[in-house]
$ cat final.txt   # compact mmCIF, C-alpha atoms
# COMPACT_ATOMS: atom_id res chain seq x y z
CA MET A 205 -50.77 32.83 8.06
CA LYS A 206 -49.46 33.05 11.60
CA ASN A 207 -50.62 29.48 12.37
CA ARG A 208 -48.94 28.15 9.22
CA LEU A 209 -45.68 29.84 10.13
CA SER A 210 -45.87 28.44 13.67
CA LEU A 211 -46.65 24.98 12.30
CA LEU A 212 -43.72 25.20 9.88
CA LEU A 213 -41.32 26.28 12.65
CA LEU A 214 -42.58 23.56 14.99
CA SER A 215 -42.23 20.91 12.26
CA SER A 216 -38.69 22.08 11.50
CA LEU A 217 -37.75 22.01 15.17
CA ILE A 218 -39.11 18.48 15.64
CA ALA A 219 -37.32 17.24 12.49
CA THR A 220 -34.03 18.80 13.63
CA MET A 221 -34.34 17.29 17.12
CA ASN A 222 -35.00 13.83 15.66
CA LEU A 223 -32.00 14.05 13.37
CA SER A 224 -29.55 15.12 16.07
CA ALA A 225 -30.91 12.72 18.69
CA GLN A 226 -30.39 9.60 16.61
CA GLN A 227 -27.64 7.38 17.92
CA VAL A 228 -25.63 5.24 15.54
CA ILE A 229 -25.61 1.73 17.00
CA PRO A 230 -22.84 -0.55 15.75
CA SER A 231 -23.97 -3.58 13.81
CA LYS A 232 -22.85 -7.05 14.84
CA LYS A 233 -20.25 -7.03 12.03
CA GLN A 234 -18.93 -3.60 13.01
CA THR A 235 -18.67 -4.71 16.64
CA GLU A 236 -16.86 -7.93 15.69
CA ASP A 237 -14.50 -6.11 13.31
CA ILE A 238 -13.62 -3.49 15.92
CA HIS A 239 -13.04 -6.15 18.58
CA TYR A 240 -10.78 -7.99 16.11
CA LEU A 241 -8.83 -4.77 15.45
CA ILE A 242 -8.20 -4.15 19.17
CA GLU A 243 -7.26 -7.83 19.68
CA ASN A 244 -4.75 -7.49 16.83
CA TYR A 245 -3.34 -4.34 18.41
CA ALA A 246 -2.77 -6.20 21.70
CA LEU A 247 -1.27 -9.16 19.83
CA ALA A 248 1.05 -6.93 17.79
CA ARG A 249 2.23 -5.22 20.96
CA GLU A 250 2.70 -8.54 22.78
CA LYS A 251 4.64 -10.18 19.94
CA LYS A 252 6.34 -6.96 18.81
CA ASP A 253 4.93 -7.72 15.34
CA VAL A 254 5.92 -4.70 13.24
CA VAL A 255 4.07 -5.90 10.11
CA LEU A 256 0.79 -6.43 11.95
CA LEU A 257 1.15 -3.17 13.87
CA GLU A 258 1.84 -1.21 10.69
CA SER A 259 -1.20 -2.72 8.97
CA ILE A 260 -3.67 -1.65 11.67
CA LEU A 261 -2.54 1.96 12.20
CA THR A 262 -3.37 4.97 10.03
CA ALA A 263 -0.46 7.00 8.65
CA ASP A 264 -1.38 9.95 10.88
CA VAL A 265 -1.96 7.94 14.06
CA ASP A 266 -1.06 9.64 17.31
CA GLN A 267 -0.81 8.32 20.82
CA LEU A 268 -0.91 9.98 24.23
CA VAL A 269 0.64 7.61 26.74
CA SER A 270 -0.01 7.49 30.48
CA SER A 271 3.23 9.39 31.22
CA GLY A 272 1.88 12.35 29.23
CA LYS A 273 4.18 11.88 26.22
CA TRP A 274 2.70 12.43 22.76
CA ARG A 275 3.73 10.19 19.90
CA MET A 276 2.87 11.73 16.55
CA GLY A 277 2.61 9.78 13.29
CA LYS A 278 2.99 6.10 12.53
CA LYS A 279 6.80 5.97 12.73
CA GLU A 280 7.09 7.65 16.14
CA SER A 281 4.07 5.80 17.52
CA MET A 282 5.34 2.40 16.43
CA GLU A 283 8.85 3.04 17.74
CA GLY A 284 7.42 4.12 21.09
CA MET A 285 5.04 1.15 21.28
CA LEU A 286 7.77 -1.36 20.55
CA GLN A 287 10.20 0.31 22.96
CA SER A 288 7.52 0.36 25.66
CA SER A 289 6.70 -3.32 25.10
CA THR A 290 10.40 -4.14 25.50
CA SER A 291 11.06 -1.98 28.56
CA ASN A 292 7.75 -2.91 30.23
CA PRO A 293 7.43 -6.64 29.61
CA GLY A 294 4.27 -8.38 30.63
CA THR A 295 0.99 -9.68 29.36
CA ARG A 296 -1.21 -6.95 27.91
CA THR A 297 -4.97 -7.33 28.05
CA LEU A 298 -7.47 -4.97 26.48
CA LYS A 299 -11.11 -5.52 27.36
CA ILE A 300 -13.52 -3.37 25.38
CA GLU A 301 -16.15 -1.73 27.59
CA LYS A 302 -17.89 0.47 25.03
CA ILE A 303 -17.98 1.24 21.32
CA ARG A 304 -19.56 4.50 20.26
CA LEU A 305 -20.02 5.11 16.54
CA PHE A 306 -20.02 8.71 15.38
CA ASN A 307 -21.00 7.54 11.91
CA ALA A 308 -20.52 4.40 9.83
CA GLN A 309 -16.78 5.15 9.36
CA CYS A 310 -15.62 6.47 12.74
CA ALA A 311 -15.90 5.25 16.33
CA ILE A 312 -14.37 5.66 19.75
CA VAL A 313 -13.56 2.50 21.67
CA ASP A 314 -13.08 2.53 25.44
CA ALA A 315 -11.21 -0.39 26.96
CA ARG A 316 -9.74 -1.49 30.25
CA TYR A 317 -6.01 -1.90 29.70
CA GLU A 318 -4.05 -4.12 32.04
CA ILE A 319 -0.42 -5.12 31.99
CA LYS A 320 0.44 -8.11 34.14
CA ASN A 321 4.08 -7.50 34.96
CA THR A 322 6.67 -10.27 35.21
CA ASN A 323 6.70 -9.85 39.01
CA GLY A 324 2.95 -10.60 39.16
CA THR A 325 1.71 -7.07 39.80
CA ILE A 326 -0.97 -5.69 37.51
CA ARG A 327 -0.92 -2.18 36.10
CA LYS A 328 -4.56 -1.12 35.56
CA MET A 329 -5.26 1.62 33.06
CA TRP A 330 -7.83 2.78 30.53
CA SER A 331 -7.36 3.17 26.79
CA SER A 332 -9.51 4.96 24.29
CA PHE A 333 -9.04 4.33 20.60
CA VAL A 334 -10.35 6.41 17.74
CA VAL A 335 -10.91 3.95 14.90
CA VAL A 336 -11.77 4.71 11.29
CA LEU A 337 -12.97 2.59 8.39
CA SER A 338 -10.42 2.87 5.60
CA GLU A 339 -10.84 0.84 2.43
CA ASN A 340 -13.25 -1.56 4.19
CA GLU A 341 -10.84 -2.16 7.10
CA TRP A 342 -10.97 -0.65 10.58
CA LYS A 343 -7.72 1.06 11.57
CA ILE A 344 -6.53 2.87 14.68
CA SER A 345 -6.22 6.62 14.21
CA ALA A 346 -5.58 7.71 17.80
CA ILE A 347 -4.85 6.12 21.17
CA ARG A 348 -5.23 7.68 24.61
CA ASN A 349 -3.86 5.71 27.56
CA MET A 350 -4.88 6.85 31.02
CA LEU A 351 -3.59 5.82 34.39
CA PRO A 352 -6.24 6.53 37.04
CA ALA A 353 -5.06 8.88 39.79
CA GLY A 354 -3.33 7.06 42.61
CA GLN A 355 -2.41 4.04 40.41
CA LYS A 356 1.03 2.83 39.40
$ encode --input "final.txt" --output "structure tokens"
Amino acid sequence: MKNRLSLLLLSSLIATMNLSAQQVIPSKKQTEDIHYLIENYALAREKKDVVLLESILTADVDQLVSSGKWRMGKKESMEGMLQSSTSNPGTRTLKIEKIRLFNAQCAIVDARYEIKNTNGTIRKMWSSFVVVLSENEWKISAIRNMLPAGQK
């Protein structure tokens, strides 16, 4: 009896460890779709394309910008993005470094974010995006922009 109980506990422990240790690896299609989403975000910001921007953000999107300001909801986020693109002109480049799926419908995307200013200087930051699959389309649910310490 004692051996059976020990075997049952050991089997349960091994099964639990295997379930929690599994990593969800994005498929080629998921990777391509997420890259396309982030490219569209950069394009919408660059061109100040309100229609494109609206189509790729969730209704409850929020954004924490490098200055520490929070933008809550689609309306405030979009207004802030468009205002920022106008007041900080330059070429925006987002280069995805890593995609980590939490499950088949949710991922975090880490990207290098650079703005080449009109005077030739480059502002180097990081962005993390929380993206969700909604009605078979990836959308941005949250954005975190970070300016490394000592950068401007």
$ axis_aligned_box --input "final.txt" --around "stretch 274-286 of chain A" --padding-each-side "4 Å" --output "AutoDock Vina command-line options"
--center_x 5.7 --center_y 5.5 --center_z 17.6 --size_x 14.2 --size_y 21.8 --size_z 18.2
$ residues_around --input "final.txt" --residues "A:Ile326" --least-positions-apart "3" --cutoff "12 Å" --atoms "only C-alpha atoms" --output "number ranges by chain"
A: 292-297, 317-323, 329, 355-356
$ residues_around --input "final.txt" --residues "stretch 344-347 of chain A" --least-positions-apart "6" --cutoff "6 Å" --atoms "all atoms listed in the file" --output "VMD selection string"
chain A and resid 261 to 262 265 to 267 332 to 335
$ closest_residue --input "final.txt" --among "A:Ser288, A:Val336, A:Pro230, A:Lys251" --to "A:Ser271" --atoms "all atoms listed in the file"
A:Ser288
$ closest_residue --input "final.txt" --among "A:Ile260, A:Ala308, A:Val228, A:Leu351" --to "A:Glu243" --atoms "all atoms listed in the file"
A:Ile260
$ closest_residue --input "final.txt" --among "A:Ser291, A:Ile238, A:Leu247, A:Lys279" --to "A:Ala315" --atoms "all atoms listed in the file"
A:Ile238
$ atom_distance --input "final.txt" --atom1 "atom CA of A:Leu257" --atom2 "atom CA of A:Glu341"
13.8 Å
$ closest_residue --input "final.txt" --among "A:Lys273, A:Arg348, A:Lys328, A:Lys302" --to "A:Ile229" --atoms "all atoms listed in the file"
A:Lys302
$ atom_distance --input "final.txt" --atom1 "atom CA of A:Met282" --atom2 "atom CA of A:Glu258"
7.6 Å
$ atom_distance --input "final.txt" --atom1 "atom CA of A:Thr325" --atom2 "atom CA of A:Ala246"
18.7 Å
$ residues_around --input "final.txt" --residues "A:Asn349" --least-positions-apart "5" --cutoff "6 Å" --atoms "only C-alpha atoms" --output "PyMOL selection string"
chain A and resi 269-270+330-331
